[in-house]
file coords02.cif (mmCIF, C-alpha atoms and all ligand atoms)
data_coords
loop_
_atom_site.label_atom_id
_atom_site.label_comp_id
_atom_site.auth_asym_id
_atom_site.auth_seq_id
_atom_site.Cartn_x
_atom_site.Cartn_y
_atom_site.Cartn_z
CA MET A 1 -116.56 146.85 -11.06
CA VAL A 2 -115.01 146.82 -14.53
CA ALA A 3 -111.67 148.62 -14.65
CA GLN A 4 -111.64 151.70 -16.87
CA ASP A 5 -109.19 151.39 -19.77
CA PRO A 6 -107.80 153.92 -20.11
CA ASP A 7 -108.74 155.33 -16.72
CA VAL A 8 -108.83 159.04 -17.53
CA LEU A 9 -110.75 161.83 -15.83
CA TYR A 10 -111.19 165.10 -17.64
CA TRP A 11 -112.18 168.22 -15.72
CA PRO A 12 -112.51 171.12 -18.16
CA GLN A 13 -111.95 174.52 -16.57
CA TYR A 14 -111.07 173.08 -13.19
CA LEU A 15 -109.40 176.45 -12.58
CA THR A 16 -111.35 179.62 -13.27
CA PRO A 17 -109.96 181.66 -16.17
CA GLU A 18 -108.75 184.27 -13.63
CA ASP A 19 -106.95 181.69 -11.49
CA ALA A 20 -105.48 180.08 -14.59
CA ASP A 21 -104.23 183.50 -15.82
CA GLN A 22 -102.65 184.20 -12.46
CA LEU A 23 -101.02 180.76 -12.32
CA TYR A 24 -99.62 181.18 -15.83
CA GLU A 25 -98.08 184.55 -14.92
CA HIS A 26 -96.65 183.08 -11.76
CA CYS A 27 -95.17 179.96 -13.35
CA SER A 28 -93.71 181.71 -16.36
CA GLY A 29 -91.99 184.30 -14.15
CA ALA A 30 -91.06 182.48 -10.95
CA LEU A 31 -89.83 179.04 -11.99
CA ALA A 32 -86.23 178.24 -12.98
CA TRP A 33 -87.01 176.95 -16.49
CA ARG A 34 -84.37 175.01 -18.39
CA GLN A 35 -84.18 173.42 -21.78
CA GLU A 36 -82.72 170.05 -20.82
CA THR A 37 -80.83 167.58 -22.94
CA ILE A 38 -81.70 163.90 -23.07
CA ARG A 39 -80.13 160.87 -24.65
CA MET A 40 -82.10 159.53 -27.61
CA PHE A 41 -80.85 156.52 -29.56
CA GLY A 42 -77.33 157.16 -28.27
CA ARG A 43 -77.29 160.87 -29.13
CA VAL A 44 -77.64 163.88 -26.86
CA VAL A 45 -80.43 166.19 -28.01
CA LEU A 46 -82.21 169.26 -26.64
CA GLN A 47 -85.78 168.59 -25.54
CA PRO A 48 -88.37 170.56 -27.54
CA ARG A 49 -89.75 172.32 -24.45
CA LEU A 50 -88.61 173.96 -21.21
CA GLN A 51 -88.83 172.06 -17.97
CA VAL A 52 -88.69 172.27 -14.20
CA TRP A 53 -88.66 169.25 -11.90
CA MET A 54 -89.98 170.18 -8.46
CA GLY A 55 -90.51 168.22 -5.31
CA ASP A 56 -88.93 166.02 -2.70
CA MET A 57 -86.72 163.72 -4.78
CA ALA A 58 -84.66 163.40 -7.93
CA TYR A 59 -86.30 161.91 -11.01
CA ARG A 60 -84.75 159.73 -13.68
CA TYR A 61 -85.88 159.25 -17.25
CA SER A 62 -84.38 158.97 -20.74
CA GLY A 63 -80.96 158.24 -19.23
CA ARG A 64 -80.72 161.38 -17.08
CA THR A 65 -81.26 162.22 -13.45
CA PHE A 66 -82.96 165.51 -12.66
CA GLU A 67 -82.38 167.01 -9.23
CA PRO A 68 -85.48 168.77 -7.87
CA THR A 69 -85.99 172.49 -7.30
CA PRO A 70 -87.64 173.25 -3.95
CA TRP A 71 -91.43 173.42 -3.68
CA ASP A 72 -93.16 176.57 -4.79
CA GLU A 73 -95.97 177.84 -2.55
CA GLN A 74 -98.66 178.04 -5.22
CA LEU A 75 -97.83 174.68 -6.69
CA THR A 76 -97.89 173.16 -3.19
CA ALA A 77 -101.36 174.60 -2.60
CA LEU A 78 -102.56 172.96 -5.83
CA ALA A 79 -101.00 169.64 -4.79
CA ARG A 80 -103.05 169.77 -1.56
CA ARG A 81 -106.20 170.43 -3.53
CA PHE A 82 -105.60 167.37 -5.71
CA GLN A 83 -104.73 165.26 -2.68
CA ASP A 84 -108.08 166.13 -1.13
CA GLU A 85 -109.95 165.62 -4.38
CA LEU A 86 -108.44 162.23 -5.27
CA GLN A 87 -107.40 160.94 -1.85
CA VAL A 88 -103.85 160.10 -2.96
CA PRO A 89 -100.59 161.89 -2.11
CA PHE A 90 -98.40 163.88 -4.51
CA ASN A 91 -94.75 164.67 -3.78
CA SER A 92 -93.49 165.97 -7.11
CA VAL A 93 -94.49 167.99 -10.11
CA LEU A 94 -92.96 168.08 -13.56
CA CYS A 95 -93.55 171.47 -15.20
CA ASN A 96 -93.43 171.75 -18.99
CA TRP A 97 -93.45 174.98 -20.98
CA TYR A 98 -94.31 174.66 -24.67
CA GLN A 99 -93.49 178.06 -26.09
CA SER A 100 -94.82 177.44 -29.61
CA GLY A 101 -96.31 174.74 -31.81
CA ALA A 102 -92.78 173.47 -32.45
CA HIS A 103 -92.51 172.47 -28.80
CA SER A 104 -93.93 169.04 -28.05
CA MET A 105 -93.65 165.77 -26.16
CA GLY A 106 -93.28 162.46 -28.01
CA TRP A 107 -95.04 159.15 -27.33
CA HIS A 108 -94.27 157.77 -23.88
CA SER A 109 -95.80 156.31 -20.76
CA ASP A 110 -95.07 157.63 -17.31
CA ASN A 111 -93.93 154.19 -16.22
CA GLU A 112 -90.65 154.73 -14.42
CA PRO A 113 -90.31 152.14 -11.64
CA GLU A 114 -90.26 154.91 -8.99
CA LEU A 115 -93.87 155.75 -9.88
CA GLY A 116 -95.15 152.29 -8.92
CA ASN A 117 -97.61 150.08 -10.79
CA GLU A 118 -100.67 152.24 -11.14
CA PRO A 119 -99.59 155.86 -10.75
CA VAL A 120 -102.13 158.64 -10.45
CA ILE A 121 -100.90 161.53 -12.59
CA VAL A 122 -102.69 164.87 -12.51
CA SER A 123 -102.04 167.19 -15.42
CA VAL A 124 -102.94 170.89 -15.26
CA SER A 125 -102.98 172.91 -18.49
CA ILE A 126 -102.67 176.68 -18.67
CA GLY A 127 -102.23 178.94 -21.66
CA ALA A 128 -102.90 177.96 -25.26
CA ALA A 129 -105.01 174.86 -25.95
CA ARG A 130 -103.07 171.89 -27.35
CA ARG A 131 -104.00 168.39 -28.50
CA PHE A 132 -103.21 165.62 -26.03
CA VAL A 133 -103.40 162.15 -27.56
CA LEU A 134 -103.48 158.67 -26.02
CA ARG A 135 -102.94 155.44 -27.98
CA GLN A 136 -103.15 151.84 -26.88
CA ARG A 137 -99.73 150.13 -26.79
CA SER A 138 -101.06 146.94 -28.34
CA ASN A 139 -103.07 148.69 -31.05
CA HIS A 140 -101.93 152.13 -32.11
CA GLN A 141 -105.16 152.70 -34.06
CA GLN A 142 -107.00 152.77 -30.76
CA ARG A 143 -106.80 156.43 -29.83
CA LEU A 144 -108.31 159.02 -27.58
CA GLU A 145 -107.83 162.73 -27.93
CA TYR A 146 -108.42 165.80 -25.75
CA LEU A 147 -108.00 169.46 -26.52
CA LEU A 148 -106.49 170.66 -23.24
CA GLY A 149 -107.33 174.32 -22.66
CA HIS A 150 -106.69 177.05 -20.12
CA GLY A 151 -107.44 175.73 -16.62
CA ASP A 152 -108.28 172.15 -17.68
CA VAL A 153 -107.21 169.17 -15.57
CA LEU A 154 -106.74 165.62 -16.83
CA VAL A 155 -106.08 162.68 -14.53
CA MET A 156 -104.54 159.37 -15.65
CA ARG A 157 -104.69 156.46 -13.25
CA GLY A 158 -105.24 152.70 -12.96
CA ARG A 159 -103.49 150.75 -15.71
CA THR A 160 -103.35 153.68 -18.12
CA GLN A 161 -99.51 153.89 -18.04
CA GLN A 162 -99.18 150.11 -18.51
CA ARG A 163 -101.49 149.85 -21.49
CA TRP A 164 -101.43 153.27 -23.13
CA GLU A 165 -98.94 155.88 -24.31
CA HIS A 166 -99.57 159.60 -24.57
CA ALA A 167 -98.09 162.52 -26.48
CA LEU A 168 -98.41 166.23 -27.04
CA PRO A 169 -97.89 166.52 -30.83
CA LYS A 170 -96.23 169.40 -32.61
CA THR A 171 -98.53 171.60 -34.64
CA GLN A 172 -98.02 173.79 -37.73
CA LYS A 173 -100.88 176.02 -36.66
CA PRO A 174 -99.95 179.28 -35.01
CA VAL A 175 -100.53 178.65 -31.30
CA GLY A 176 -99.56 180.56 -28.20
CA ALA A 177 -97.51 179.21 -25.34
CA ARG A 178 -98.78 176.56 -22.94
CA ILE A 179 -97.62 175.47 -19.50
CA ASN A 180 -98.43 172.03 -18.18
CA LEU A 181 -97.96 170.81 -14.61
CA THR A 182 -98.00 167.07 -13.98
CA TYR A 183 -98.32 166.03 -10.36
CA ARG A 184 -96.93 162.62 -9.43
CA TYR A 185 -96.02 160.52 -6.43
CA LEU A 186 -92.54 159.02 -6.35
CA LEU A 187 -92.21 155.98 -4.11
CA ARG A 188 -88.45 156.45 -3.76
CA SER A 189 -85.47 158.16 -5.33
CA PRO A 190 -84.25 156.56 -8.54
CA GLN A 191 -81.74 153.73 -8.21
CA PRO A 192 -78.41 154.59 -9.87
O1 LIG A 201 -98.02 168.48 -21.66
C1 LIG A 201 -98.77 167.54 -21.47
O2 LIG A 201 -99.99 167.64 -21.46
C2 LIG A 201 -98.20 166.16 -21.25
C3 LIG A 201 -97.04 166.12 -20.31
C4 LIG A 201 -96.59 164.73 -20.02
O3 LIG A 201 -97.02 163.78 -20.59
C5 LIG A 201 -95.57 164.50 -18.99
O4 LIG A 201 -95.06 165.47 -18.40
O5 LIG A 201 -95.22 163.34 -18.76
FE FE A 202 -96.43 161.92 -19.58
#

call {"tool": "encode", "arguments": {"input": "coords02.cif", "output": "C-alpha cells"}}
result
Amino acid sequence: MVAQDPDVLYWPQYLTPEDADQLYEHCSGALAWRQETIRMFGRVVLQPRLQVWMGDMAYRYSGRTFEPTPWDEQLTALARRFQDELQVPFNSVLCNWYQSGAHSMGWHSDNEPELGNEPVIVSVSIGAARRFVLRQRSNHQQRLEYLLGHGDVLVMRGRTQQRWEHALPKTQKPVGARINLTYRYLLRSPQP
C-alpha cells in the first residue's frame, strides 16, 4: 500500500449541529481558559488565542511546560468515540479558543518527541468556520486547505507531522469565535 502524504482524513459534520452547539456552550463555559505566554525568538509574547491543556500528563512546547487540567466528562466521552473509530488511544486534548479573526495559530508541526514518530491527531472544530492550511516542509508551494466548520473533524496521521506543517491563519473578515479540540496521545511526560 502506498503511504498517504499527507495522511489526512476529513469528516465534515461528524457532530450534528445540535451536538456541536451543545459542546460549544459547554466548552466555552466550563473550561479554565487561559491566554498563555510563550517564548518566541527569545521574547515572551502572549499567544493569539485562549488555551486549555487537559489530560494525564504535562505538555511541553515553545519553551514552556503546561500542567494539565483534569479530564472533563464530555471531552472524555469524545475521546472514547475517537478511540473506537480509529483504534488508537488518546490521553490528552489541547483546547484552543479563537475569539475573533485576529486569533490564530502559526505554522508548526505537532512533532514534540513525546508524541512519537507518527502521531494520530484528531481535531474537532466547533463554532465559526476557519481556514486550516497544510504545507509541505520541503516545498511550501505544495499546499492543502480545508474550511473547518461547526462539528467537522480532521485527522492527521502517518508521516504528516514529519513532512508537513499546518496553521490556522488570521483573517480580516468578520468571523465569529471558534473552539478547536485536538486529541493526542503522549507517550510520556516531557523530559526537563
Ligand atoms: O485550530 C486548529 O484547527 C489547529 C490547532 C492545532 O494545530 C494544534 O492545536 O496543534
Ligand atoms: Fe497543530

call {"tool": "residues_near_ligand", "arguments": {"input": "coords02.cif", "ligand": "ligand FE 202 (chain A)", "cutoff": "8 Å", "atoms": "all atoms listed in the file", "output": "JSON, numbers by chain"}}
result
{"A": [108, 109, 110, 166, 167, 182]}

call {"tool": "write_last_selection", "arguments": {"input": "coords02.cif", "atoms": "C-alpha atoms", "output": "PDB file, keeping the file's coordinate frame"}}
result
ATOM      1  CA  HIS A 108     -94.270 157.770 -23.880  1.00  0.00           C
ATOM      2  CA  SER A 109     -95.800 156.310 -20.760  1.00  0.00           C
ATOM      3  CA  ASP A 110     -95.070 157.630 -17.310  1.00  0.00           C
ATOM      4  CA  HIS A 166     -99.570 159.600 -24.570  1.00  0.00           C
ATOM      5  CA  ALA A 167     -98.090 162.520 -26.480  1.00  0.00           C
ATOM      6  CA  THR A 182     -98.000 167.070 -13.980  1.00  0.00           C
TER       7      THR A 182
END

call {"tool": "residues_near_ligand", "arguments": {"input": "coords02.cif", "ligand": "ligand LIG 201 (chain A)", "cutoff": "9 Å", "atoms": "all atoms listed in the file", "output": "PDB file with C-alpha atoms, keeping the file's coordinate frame"}}
result
ATOM      1  CA  VAL A  93     -94.490 167.990 -10.110  1.00  0.00           C
ATOM      2  CA  LEU A  94     -92.960 168.080 -13.560  1.00  0.00           C
ATOM      3  CA  CYS A  95     -93.550 171.470 -15.200  1.00  0.00           C
ATOM      4  CA  ASN A  96     -93.430 171.750 -18.990  1.00  0.00           C
ATOM      5  CA  TRP A  97     -93.450 174.980 -20.980  1.00  0.00           C
ATOM      6  CA  TYR A  98     -94.310 174.660 -24.670  1.00  0.00           C
ATOM      7  CA  SER A 104     -93.930 169.040 -28.050  1.00  0.00           C
ATOM      8  CA  MET A 105     -93.650 165.770 -26.160  1.00  0.00           C
ATOM      9  CA  GLY A 106     -93.280 162.460 -28.010  1.00  0.00           C
ATOM     10  CA  TRP A 107     -95.040 159.150 -27.330  1.00  0.00           C
ATOM     11  CA  HIS A 108     -94.270 157.770 -23.880  1.00  0.00           C
ATOM     12  CA  SER A 109     -95.800 156.310 -20.760  1.00  0.00           C
ATOM     13  CA  ASP A 110     -95.070 157.630 -17.310  1.00  0.00           C
ATOM     14  CA  ILE A 121    -100.900 161.530 -12.590  1.00  0.00           C
ATOM     15  CA  SER A 123    -102.040 167.190 -15.420  1.00  0.00           C
ATOM     16  CA  VAL A 124    -102.940 170.890 -15.260  1.00  0.00           C
ATOM     17  CA  SER A 125    -102.980 172.910 -18.490  1.00  0.00           C
ATOM     18  CA  ARG A 130    -103.070 171.890 -27.350  1.00  0.00           C
ATOM     19  CA  ARG A 131    -104.000 168.390 -28.500  1.00  0.00           C
ATOM     20  CA  PHE A 132    -103.210 165.620 -26.030  1.00  0.00           C
ATOM     21  CA  VAL A 133    -103.400 162.150 -27.560  1.00  0.00           C
ATOM     22  CA  LEU A 148    -106.490 170.660 -23.240  1.00  0.00           C
ATOM     23  CA  LEU A 154    -106.740 165.620 -16.830  1.00  0.00           C
ATOM     24  CA  GLU A 165     -98.940 155.880 -24.310  1.00  0.00           C
ATOM     25  CA  HIS A 166     -99.570 159.600 -24.570  1.00  0.00           C
ATOM     26  CA  ALA A 167     -98.090 162.520 -26.480  1.00  0.00           C
ATOM     27  CA  LEU A 168     -98.410 166.230 -27.040  1.00  0.00           C
ATOM     28  CA  ARG A 178     -98.780 176.560 -22.940  1.00  0.00           C
ATOM     29  CA  ILE A 179     -97.620 175.470 -19.500  1.00  0.00           C
ATOM     30  CA  ASN A 180     -98.430 172.030 -18.180  1.00  0.00           C
ATOM     31  CA  LEU A 181     -97.960 170.810 -14.610  1.00  0.00           C
ATOM     32  CA  THR A 182     -98.000 167.070 -13.980  1.00  0.00           C
ATOM     33  CA  TYR A 183     -98.320 166.030 -10.360  1.00  0.00           C
TER      34      TYR A 183
END

call {"tool": "atom_distance", "arguments": {"input": "coords02.cif", "atom1": "CA of Gly127 (chain A)", "atom2": "CA of Gly176 (chain A)"}}
result
7.2 Å

call {"tool": "residues_around", "arguments": {"input": "coords02.cif", "residues": "region 25-32 of chain A", "least_positions_apart": "3", "cutoff": "9 Å", "atoms": "all atoms listed in the file", "output": "number ranges by chain"}}
result
A: 20-22, 51-52, 69, 72, 74-75, 95, 97, 179

call {"tool": "atom_distance", "arguments": {"input": "coords02.cif", "atom1": "CA of Pro113 (chain A)", "atom2": "CA of Pro190 (chain A)"}}
result
8.1 Å

call {"tool": "residues_around", "arguments": {"input": "coords02.cif", "residues": "Leu186 (chain A)", "least_positions_apart": "3", "cutoff": "7 Å", "atoms": "only C-alpha atoms", "output": "ChimeraX atom specification"}}
result
/A:91,114-115

call {"tool": "atom_distance", "arguments": {"input": "coords02.cif", "atom1": "CA of Tyr14 (chain A)", "atom2": "CA of Asp152 (chain A)"}}
result
5.4 Å

call {"tool": "closest_residue", "arguments": {"input": "coords02.cif", "among": "A:Leu50, A:Val8, A:Leu147, A:Leu15", "to": "Arg81 (chain A)", "atoms": "all atoms listed in the file"}}
result
A:Leu15

call {"tool": "residues_around", "arguments": {"input": "coords02.cif", "residues": "Ala102 (chain A)", "least_positions_apart": "6", "cutoff": "8 Å", "atoms": "only C-alpha atoms", "output": "PyMOL selection string"}}
result
chain A and resi 48+170-172

call {"tool": "closest_residue", "arguments": {"input": "coords02.cif", "among": "A:Gly55, A:Gly63, A:Pro174, A:Pro12", "to": "Glu112 (chain A)", "atoms": "all atoms listed in the file"}}
result
A:Gly63
